[in-house]
Amino acid sequence: SAVISQKPSRDICQRGTSLTIQCQVDSQVTMMFWYRQQPGQSLTLIATANQGSEATYESGFVIDKFPISRPNLTFSTLTVSNLSPEDSSIYLCSVEDPGSEAFFGQGTRLTVV
Amino acid sequence: SQQGEEDPQALSIQEGENATMNCSYKTSINNLQWYRQNSGRGLVHLILIRSNEREKHSGRLRVTLDTSKKSSSLLITASRAADTASYFCATVAGGTYKYIFGTGTRLKVLA
């Protein structure tokens with residue numbers, strides 16, 4: 001199992017600014033995953049963060065908008081840049097074992113005004 | 001999109017009743033999992049069923065899987081107000097490590 005501490009839990013940000021979300025895992029993991037959940041929607045994978053290499057982004061997500069850092073095997077950050085109201089969502093990090101289950105952080109609820 | 005579909009989108013029942021939600025997916029899978037999300041927080045794993053299993057139980061949860069129809073159902077028996085949440089199915093396609101989440105069912109259990 002894994003316990004993930006994600007922060008902040010929520011934030012209200014001005015247009016044009018950026019928000020950095022942090023996730024700390026209580027054990028070393030190879031891959032960490034970042035998701036976006038738009039209001040009333042399901043989870044959409046933004047990118048996979050691997051330690052020591054560039055993150056792998058899904059179609060529709062780009063590094064300039066969602067830069068990710070993965071400095072070690074227990075920590076990752078996601079920055080949402082140049083915020084617009086359309087970025088208002090819940091952002092979630094996870095670590096996943098496809099053979100058993102995924103473990104999620106508590107989520108970050110972002111509101112852009 | 002490879003995203004699975006869930007129905008109903010929303011379900012409102014009385015406490016003590018059973019709640020059934022369904023999930024359909026599009027690819028071959030290794031397993032299918034169900035998760036619960038309270039009030040937009042992190043998802044919590046409920047149960048996993050492997051592709052070679054047809055039914056699985058865990059407490060008040062019963063999951064079925066029909067790989068020929070690419071569908072699964074989650075039954076919550078004797079529901080409680082605390083079961084009020086959104087429920088998502090998730091699959092991992094064979095040969096990949098990525099989870100694909102369904103569209104979700106919002107369950108409301110009235111006391």
# chains A, B, ... in the order shown; residues from 1 in each chain; ligands from 1
call {"tool": "closest_atom_pairs", "arguments": {"of": "chain B", "to": "chain A", "cutoff": "10 Å", "atoms": "only C-alpha atoms", "output": "tab-separated table"}}
result
residue	atom	partner	partner_atom	distance
B:Gln3	CA	A:Ser42	CA	9.0
B:Gly4	CA	A:Ser42	CA	9.9
B:Asn30	CA	A:Gly99	CA	7.8
B:Asn31	CA	A:Gly99	CA	7.4
B:Leu32	CA	A:Pro98	CA	9.7
B:Gln33	CA	A:Glu101	CA	7.5
B:Trp34	CA	A:Glu101	CA	9.4
B:Tyr35	CA	A:Ala102	CA	9.2
B:Gln37	CA	A:Gln106	CA	9.9
B:Gly40	CA	A:Ile90	CA	7.1
B:Arg41	CA	A:Gln106	CA	5.3
B:Gly42	CA	A:Gln106	CA	4.3
B:Leu43	CA	A:Phe104	CA	5.9
B:Val44	CA	A:Phe103	CA	7.2
B:His45	CA	A:Glu101	CA	6.6
B:Leu46	CA	A:Glu101	CA	9.1
B:Ile47	CA	A:Glu101	CA	8.5
B:Leu48	CA	A:Ser100	CA	7.1
B:Ile49	CA	A:Ser100	CA	9.5
B:Arg50	CA	A:Gly99	CA	8.9
B:Ser86	CA	A:Gly40	CA	9.7
B:Tyr87	CA	A:Ser42	CA	9.9
B:Phe88	CA	A:Ser42	CA	7.9
B:Ala90	CA	A:Glu101	CA	9.6
B:Thr91	CA	A:Pro98	CA	8.7
B:Val92	CA	A:Pro98	CA	6.3
B:Ala93	CA	A:Pro98	CA	9.2
B:Gly94	CA	A:Pro98	CA	9.8
B:Thr96	CA	A:Pro98	CA	8.4
B:Tyr97	CA	A:Pro98	CA	5.8
B:Lys98	CA	A:Pro98	CA	7.5
B:Tyr99	CA	A:Pro98	CA	7.4
B:Ile100	CA	A:Thr44	CA	8.1
B:Phe101	CA	A:Leu43	CA	6.2
B:Gly102	CA	A:Ser42	CA	6.6
B:Thr103	CA	A:Ser42	CA	5.0
B:Gly104	CA	A:Ser42	CA	6.3
B:Thr105	CA	A:Ser42	CA	9.7
B:Arg106	CA	A:Gly40	CA	9.2
call {"tool": "residues_around", "arguments": {"residues": "B:Ile76", "least_positions_apart": "6", "cutoff": "7 Å", "atoms": "only C-alpha atoms", "output": "list of chain:residue names"}}
result
B:Asn18, B:Ala19, B:Thr20, B:Arg60, B:Leu61, B:Arg62
